[in-house]
file input.txt (compact mmCIF, C-alpha atoms and all ligand atoms)
# COMPACT_ATOMS: atom_id res chain seq x y z
CA MET A 1 104.44 100.06 90.40
CA GLY A 2 105.71 100.99 93.84
CA ILE A 3 104.18 99.86 97.09
CA ILE A 4 100.59 98.59 96.93
CA ASN A 5 98.62 98.75 100.19
CA ASP A 6 95.05 98.31 98.94
CA VAL A 7 93.36 95.42 100.77
CA ASN A 8 91.26 94.82 97.65
CA SER A 9 94.41 93.91 95.70
CA LEU A 10 94.68 90.78 97.85
CA GLU A 11 93.31 87.40 96.80
CA PRO A 12 89.61 87.48 97.93
CA MET A 13 89.87 85.07 100.89
CA THR A 14 93.03 86.81 102.14
CA ALA A 15 91.31 90.21 101.77
CA MET A 16 88.42 88.95 103.89
CA LYS A 17 90.79 87.62 106.58
CA CYS A 18 92.79 90.87 106.47
CA ASN A 19 89.63 92.89 107.21
CA GLN A 20 88.74 90.48 110.04
CA PHE A 21 92.29 90.83 111.38
CA ILE A 22 91.97 94.65 111.44
CA ARG A 23 88.71 94.32 113.44
CA GLU A 24 90.25 91.79 115.88
CA CYS A 25 93.16 94.18 116.48
CA VAL A 26 90.73 97.06 117.21
CA LYS A 27 89.02 94.82 119.79
CA GLU A 28 92.45 94.46 121.45
CA GLY A 29 92.90 98.24 121.41
CA ILE A 30 95.43 98.16 118.57
CA ASN A 31 94.86 100.37 115.53
CA VAL A 32 96.77 98.81 112.67
CA VAL A 33 97.64 100.16 109.27
CA ILE A 34 98.13 97.87 106.30
CA ASN A 35 101.47 98.87 104.83
CA GLU A 36 101.68 96.51 101.90
CA THR A 37 99.52 93.87 100.22
CA LEU A 38 100.11 92.60 96.68
CA ARG A 39 103.77 92.94 95.68
CA GLU A 40 105.28 92.98 92.21
CA GLU A 41 108.44 90.93 91.70
CA ILE A 42 110.48 94.06 90.88
CA THR A 43 109.46 95.54 94.24
CA HIS A 44 110.51 92.36 95.99
CA LEU A 45 113.89 92.35 94.21
CA ILE A 46 114.47 95.94 95.33
CA TYR A 47 113.80 94.80 98.91
CA PHE A 48 115.92 91.70 98.47
CA ILE A 49 119.10 93.59 97.55
CA GLN A 50 118.87 95.56 100.80
CA GLY A 51 121.30 94.01 103.25
CA ALA A 52 123.49 92.64 100.48
CA LEU A 53 125.24 95.87 99.50
CA ALA A 54 128.00 96.10 102.11
CA ASP A 55 129.93 93.31 100.37
CA ILE A 56 129.65 95.10 97.04
CA LYS A 57 130.74 98.55 98.25
CA SER A 58 134.48 97.73 98.11
CA LYS A 59 134.14 97.03 94.39
CA ASN A 60 131.56 99.71 93.64
CA PRO A 61 131.57 102.73 95.99
CA ASN A 62 128.56 104.13 94.11
CA ILE A 63 126.28 101.17 94.89
CA TYR A 64 124.02 103.08 97.32
CA ASN A 65 123.41 105.84 94.77
CA GLU A 66 122.62 103.20 92.16
CA LEU A 67 120.14 101.57 94.54
CA ASN A 68 118.42 104.88 95.26
CA ALA A 69 118.26 105.66 91.51
CA LEU A 70 116.52 102.32 90.96
CA ARG A 71 114.21 102.93 93.92
CA LYS A 72 113.32 106.43 92.67
CA LYS A 73 112.50 105.04 89.21
CA HIS A 74 110.06 102.61 90.81
CA LYS A 75 108.52 105.25 93.13
CA PHE A 76 110.29 104.23 96.35
CA TRP A 77 111.62 106.66 98.93
CA ASP A 78 115.37 107.34 99.24
CA ILE A 79 117.04 105.18 101.87
CA SER A 80 120.13 105.81 103.96
CA GLU A 81 123.16 103.54 103.84
CA THR A 82 122.13 102.16 107.27
CA GLU A 83 118.68 101.24 106.02
CA ALA A 84 120.13 99.86 102.78
CA ASN A 85 122.30 97.53 104.85
CA LYS A 86 119.38 96.10 106.78
CA ARG A 87 118.07 92.87 105.33
CA VAL A 88 114.27 92.92 105.10
CA THR A 89 113.54 89.67 103.25
CA TRP A 90 115.13 86.27 103.08
CA THR A 91 113.23 84.79 100.16
CA LEU A 92 112.61 85.27 96.45
CA ASN A 93 109.36 83.34 96.57
CA SER A 94 106.91 85.50 98.49
CA LEU A 95 103.19 84.94 99.12
CA HIS A 96 102.85 88.70 98.48
CA PHE A 97 103.22 87.90 94.73
CA THR A 98 99.87 86.13 94.69
CA GLY A 99 98.12 88.50 97.10
CA LYS A 100 98.15 85.92 99.90
CA ALA A 101 100.23 88.00 102.33
CA PHE A 102 100.18 91.51 103.76
CA ASP A 103 102.25 93.61 106.12
CA ALA A 104 100.68 95.52 108.99
CA ALA A 105 101.95 97.72 111.80
CA PRO A 106 100.29 99.48 114.73
CA LEU A 107 99.79 103.21 114.91
CA ASN A 108 101.07 105.12 117.93
CA ASN A 109 98.92 107.67 119.78
CA LYS A 110 100.09 110.37 117.31
CA GLY A 111 98.70 108.29 114.45
CA GLN A 112 102.16 107.43 113.11
CA VAL A 113 103.30 103.94 112.11
CA ASP A 114 105.13 102.34 115.00
CA TRP A 115 107.91 100.12 113.63
CA ASN A 116 109.12 99.33 117.16
CA PRO A 117 106.04 98.18 119.07
CA SER A 118 106.31 96.27 122.33
CA ASP A 119 106.65 92.49 122.30
CA GLU A 120 103.20 92.37 123.88
CA THR A 121 101.66 94.29 120.94
CA LYS A 122 103.44 92.04 118.43
CA LYS A 123 102.14 88.98 120.28
CA LYS A 124 98.57 90.34 120.40
CA MET A 125 98.66 91.08 116.66
CA ALA A 126 99.87 87.52 116.01
CA GLU A 127 97.03 86.14 118.16
CA CYS A 128 94.47 88.24 116.24
CA ALA A 129 95.87 86.81 113.00
CA VAL A 130 95.62 83.21 114.22
CA ARG A 131 92.00 83.82 115.33
CA VAL A 132 91.00 84.69 111.75
CA GLY A 133 92.99 81.86 110.15
CA LEU A 134 96.15 83.73 109.16
CA TYR A 135 99.73 82.64 109.81
CA PRO A 136 101.75 85.33 111.64
CA GLY A 137 105.27 86.13 110.43
CA LEU A 138 106.18 86.59 114.11
CA ASN A 139 106.61 82.79 114.10
CA PHE A 140 109.65 83.21 111.85
CA GLY A 141 110.90 86.59 113.08
CA ASP A 142 109.01 88.88 110.65
CA TRP A 143 106.37 90.38 112.97
CA PRO A 144 104.67 92.82 110.52
CA HIS A 145 104.05 90.01 108.01
CA PHE A 146 100.84 87.94 107.89
CA GLU A 147 99.98 85.28 105.35
CA ASN A 148 97.07 83.13 104.30
CA ARG A 149 98.38 79.60 103.95
CA GLY A 150 94.92 78.14 103.48
ZN ZN B 201 105.32 90.61 104.18

call {"tool": "encode", "arguments": {"input": "input.txt", "output": "structure tokens", "more": "lines below"}}
Ligand SMILES: [Zn+2]
result
Amino acid sequence: MGIINDVNSLEPMTAMKCNQFIRECVKEGINVVINETLREEITHLIYFIQGALADIKSKNPNIYNELNALRKKHKFWDISETEANKRVTWTLNSLHFTGKAFDAAPLNNKGQVDWNPSDETKKKMAECAVRVGLYPGLNFGDWPHFENRG
């Protein structure tokens, strides 16, 4: 329940490539943190409804509170209306379900997750992924996402 970020929850070959990816990033001077690995379908559905709520608000002004109640029940943090309106996934068939995808982001020099890295950093991370046989989500506009299509 909630967000799983344990590399060992990944399918074994993907876990191996994930660890190689982390090492390749270090070689490039990028310290990455693995934010999410295996994902339960309920977690994905909670993500999926983000970005779809603005249309509903005219019929249900309480929709954001309902979303946060659902998120709290499943051990997610509270999100603002702005964040709730931002679409974060475009599929209901994710490789995260089978442990063949993970999300990673660089750390800044304060050791915090940097959700707005430079294009150069995103590109370097994608190159590190390709080197170890992973497919980078950057290719379809989802830079923190990496998947094992093999
Ligand atoms: Zn992902």

call {"tool": "closest_residue", "arguments": {"input": "input.txt", "among": "A:Leu70, A:Val132, A:Val88, A:Cys18", "to": "ligand ZN 201 (chain B)", "atoms": "only C-alpha atoms and all ligand atoms"}}
result
A:Val88

call {"tool": "residues_near_ligand", "arguments": {"input": "input.txt", "ligand": "ligand ZN 201 (chain B)", "cutoff": "12 Å", "atoms": "only C-alpha atoms and all ligand atoms", "output": "MDAnalysis selection string"}}
result
chainID A and resid 3:5 34:39 43:44 47 88:105 135:138 140:148

call {"tool": "closest_residue", "arguments": {"input": "input.txt", "among": "A:Gly133, A:Glu81, A:Lys75, A:Ile30", "to": "Pro61 (chain A)", "atoms": "all atoms listed in the file"}}
result
A:Glu81

call {"tool": "atom_distance", "arguments": {"input": "input.txt", "atom1": "CA of Glu28 (chain A)", "atom2": "CA of Asn139 (chain A)"}}
result
19.8 Å

call {"tool": "closest_residue", "arguments": {"input": "input.txt", "among": "A:Lys27, A:Val32, A:Phe21, A:Gly2", "to": "Asn109 (chain A)", "atoms": "only C-alpha atoms"}}
result
A:Val32

call {"tool": "closest_residue", "arguments": {"input": "input.txt", "among": "A:Trp77, A:Leu10, A:Ala52, A:Pro106", "to": "Ser118 (chain A)", "atoms": "all atoms listed in the file"}}
result
A:Pro106

call {"tool": "atom_distance", "arguments": {"input": "input.txt", "atom1": "CA of Glu24 (chain A)", "atom2": "CA of Arg131 (chain A)"}}
result
8.2 Å

call {"tool": "atom_distance", "arguments": {"input": "input.txt", "atom1": "CA of Asn31 (chain A)", "atom2": "CA of Cys128 (chain A)"}}
result
12.2 Å

call {"tool": "closest_residue", "arguments": {"input": "input.txt", "among": "A:Cys25, A:Val33, A:Met16, A:Ala69", "to": "Asn108 (chain A)", "atoms": "only C-alpha atoms"}}
result
A:Val33

call {"tool": "closest_residue", "arguments": {"input": "input.txt", "among": "A:Gln50, A:Lys59, A:Val113, A:Lys17", "to": "Thr82 (chain A)", "atoms": "only C-alpha atoms"}}
result
A:Gln50

call {"tool": "build_atoms", "arguments": {"input": "input.txt", "residues": "region 57-86 of chain A", "atoms": "N, CA and C atoms", "output": "PDB file, keeping the file's coordinate frame"}}
result
ATOM      1  N   LYS A  57     130.236  97.186  98.187  1.00  0.00           N
ATOM      2  CA  LYS A  57     130.740  98.550  98.250  1.00  0.00           C
ATOM      3  C   LYS A  57     132.246  98.653  97.955  1.00  0.00           C
ATOM      4  N   SER A  58     133.040  97.664  98.362  1.00  0.00           N
ATOM      5  CA  SER A  58     134.480  97.730  98.110  1.00  0.00           C
ATOM      6  C   SER A  58     134.795  97.706  96.612  1.00  0.00           C
ATOM      7  N   LYS A  59     133.925  97.091  95.843  1.00  0.00           N
ATOM      8  CA  LYS A  59     134.140  97.030  94.390  1.00  0.00           C
ATOM      9  C   LYS A  59     133.400  98.130  93.653  1.00  0.00           C
ATOM     10  N   ASN A  60     132.352  98.651  94.278  1.00  0.00           N
ATOM     11  CA  ASN A  60     131.560  99.710  93.640  1.00  0.00           C
ATOM     12  C   ASN A  60     131.101 100.707  94.697  1.00  0.00           C
ATOM     13  N   PRO A  61     131.911 101.760  94.935  1.00  0.00           N
ATOM     14  CA  PRO A  61     131.570 102.730  95.990  1.00  0.00           C
ATOM     15  C   PRO A  61     130.262 103.474  95.717  1.00  0.00           C
ATOM     16  N   ASN A  62     129.779 103.403  94.488  1.00  0.00           N
ATOM     17  CA  ASN A  62     128.560 104.130  94.110  1.00  0.00           C
ATOM     18  C   ASN A  62     127.279 103.302  94.286  1.00  0.00           C
ATOM     19  N   ILE A  63     127.404 102.107  94.865  1.00  0.00           N
ATOM     20  CA  ILE A  63     126.280 101.170  94.890  1.00  0.00           C
ATOM     21  C   ILE A  63     125.023 101.734  95.570  1.00  0.00           C
ATOM     22  N   TYR A  64     125.208 102.547  96.622  1.00  0.00           N
ATOM     23  CA  TYR A  64     124.020 103.080  97.320  1.00  0.00           C
ATOM     24  C   TYR A  64     123.285 104.098  96.455  1.00  0.00           C
ATOM     25  N   ASN A  65     124.052 104.894  95.692  1.00  0.00           N
ATOM     26  CA  ASN A  65     123.410 105.840  94.770  1.00  0.00           C
ATOM     27  C   ASN A  65     122.674 105.086  93.663  1.00  0.00           C
ATOM     28  N   GLU A  66     123.277 104.006  93.198  1.00  0.00           N
ATOM     29  CA  GLU A  66     122.620 103.200  92.160  1.00  0.00           C
ATOM     30  C   GLU A  66     121.314 102.600  92.692  1.00  0.00           C
ATOM     31  N   LEU A  67     121.358 102.130  93.936  1.00  0.00           N
ATOM     32  CA  LEU A  67     120.140 101.570  94.540  1.00  0.00           C
ATOM     33  C   LEU A  67     119.055 102.640  94.637  1.00  0.00           C
ATOM     34  N   ASN A  68     119.431 103.835  95.111  1.00  0.00           N
ATOM     35  CA  ASN A  68     118.420 104.880  95.260  1.00  0.00           C
ATOM     36  C   ASN A  68     117.886 105.350  93.899  1.00  0.00           C
ATOM     37  N   ALA A  69     118.732 105.308  92.857  1.00  0.00           N
ATOM     38  CA  ALA A  69     118.260 105.660  91.510  1.00  0.00           C
ATOM     39  C   ALA A  69     117.203 104.648  91.054  1.00  0.00           C
ATOM     40  N   LEU A  70     117.476 103.367  91.310  1.00  0.00           N
ATOM     41  CA  LEU A  70     116.520 102.320  90.960  1.00  0.00           C
ATOM     42  C   LEU A  70     115.232 102.478  91.762  1.00  0.00           C
ATOM     43  N   ARG A  71     115.374 102.743  93.052  1.00  0.00           N
ATOM     44  CA  ARG A  71     114.210 102.930  93.920  1.00  0.00           C
ATOM     45  C   ARG A  71     113.367 104.116  93.460  1.00  0.00           C
ATOM     46  N   LYS A  72     114.041 105.233  93.116  1.00  0.00           N
ATOM     47  CA  LYS A  72     113.320 106.430  92.670  1.00  0.00           C
ATOM     48  C   LYS A  72     112.522 106.127  91.398  1.00  0.00           C
ATOM     49  N   LYS A  73     113.163 105.399  90.471  1.00  0.00           N
ATOM     50  CA  LYS A  73     112.500 105.040  89.210  1.00  0.00           C
ATOM     51  C   LYS A  73     111.223 104.260  89.466  1.00  0.00           C
ATOM     52  N   HIS A  74     111.230 103.428  90.509  1.00  0.00           N
ATOM     53  CA  HIS A  74     110.060 102.610  90.810  1.00  0.00           C
ATOM     54  C   HIS A  74     109.226 103.174  91.962  1.00  0.00           C
ATOM     55  N   LYS A  75     109.358 104.496  92.178  1.00  0.00           N
ATOM     56  CA  LYS A  75     108.520 105.250  93.130  1.00  0.00           C
ATOM     57  C   LYS A  75     108.706 104.825  94.584  1.00  0.00           C
ATOM     58  N   PHE A  76     109.951 104.509  94.953  1.00  0.00           N
ATOM     59  CA  PHE A  76     110.290 104.230  96.350  1.00  0.00           C
ATOM     60  C   PHE A  76     110.992 105.438  96.932  1.00  0.00           C
ATOM     61  N   TRP A  77     110.909 105.585  98.256  1.00  0.00           N
ATOM     62  CA  TRP A  77     111.620 106.660  98.930  1.00  0.00           C
ATOM     63  C   TRP A  77     113.116 106.372  98.950  1.00  0.00           C
ATOM     64  N   ASP A  78     113.917 107.440  99.090  1.00  0.00           N
ATOM     65  CA  ASP A  78     115.370 107.340  99.240  1.00  0.00           C
ATOM     66  C   ASP A  78     115.688 106.660 100.570  1.00  0.00           C
ATOM     67  N   ILE A  79     116.658 105.763 100.575  1.00  0.00           N
ATOM     68  CA  ILE A  79     117.040 105.180 101.870  1.00  0.00           C
ATOM     69  C   ILE A  79     118.489 105.494 102.182  1.00  0.00           C
ATOM     70  N   SER A  80     118.768 105.554 103.484  1.00  0.00           N
ATOM     71  CA  SER A  80     120.130 105.810 103.960  1.00  0.00           C
ATOM     72  C   SER A  80     120.959 104.535 103.807  1.00  0.00           C
ATOM     73  N   GLU A  81     122.278 104.699 103.934  1.00  0.00           N
ATOM     74  CA  GLU A  81     123.160 103.540 103.840  1.00  0.00           C
ATOM     75  C   GLU A  81     122.832 102.533 104.961  1.00  0.00           C
ATOM     76  N   THR A  82     122.484 103.054 106.140  1.00  0.00           N
ATOM     77  CA  THR A  82     122.130 102.160 107.270  1.00  0.00           C
ATOM     78  C   THR A  82     120.924 101.309 106.916  1.00  0.00           C
ATOM     79  N   GLU A  83     119.894 101.966 106.382  1.00  0.00           N
ATOM     80  CA  GLU A  83     118.680 101.240 106.020  1.00  0.00           C
ATOM     81  C   GLU A  83     118.959 100.270 104.869  1.00  0.00           C
ATOM     82  N   ALA A  84     119.798 100.709 103.931  1.00  0.00           N
ATOM     83  CA  ALA A  84     120.130  99.860 102.780  1.00  0.00           C
ATOM     84  C   ALA A  84     120.876  98.599 103.206  1.00  0.00           C
ATOM     85  N   ASN A  85     121.545  98.685 104.356  1.00  0.00           N
ATOM     86  CA  ASN A  85     122.300  97.530 104.850  1.00  0.00           C
ATOM     87  C   ASN A  85     121.489  96.592 105.721  1.00  0.00           C
ATOM     88  N   LYS A  86     120.232  96.932 105.913  1.00  0.00           N
ATOM     89  CA  LYS A  86     119.380  96.100 106.780  1.00  0.00           C
ATOM     90  C   LYS A  86     118.581  95.133 105.911  1.00  0.00           C
TER      91      LYS A  86
END
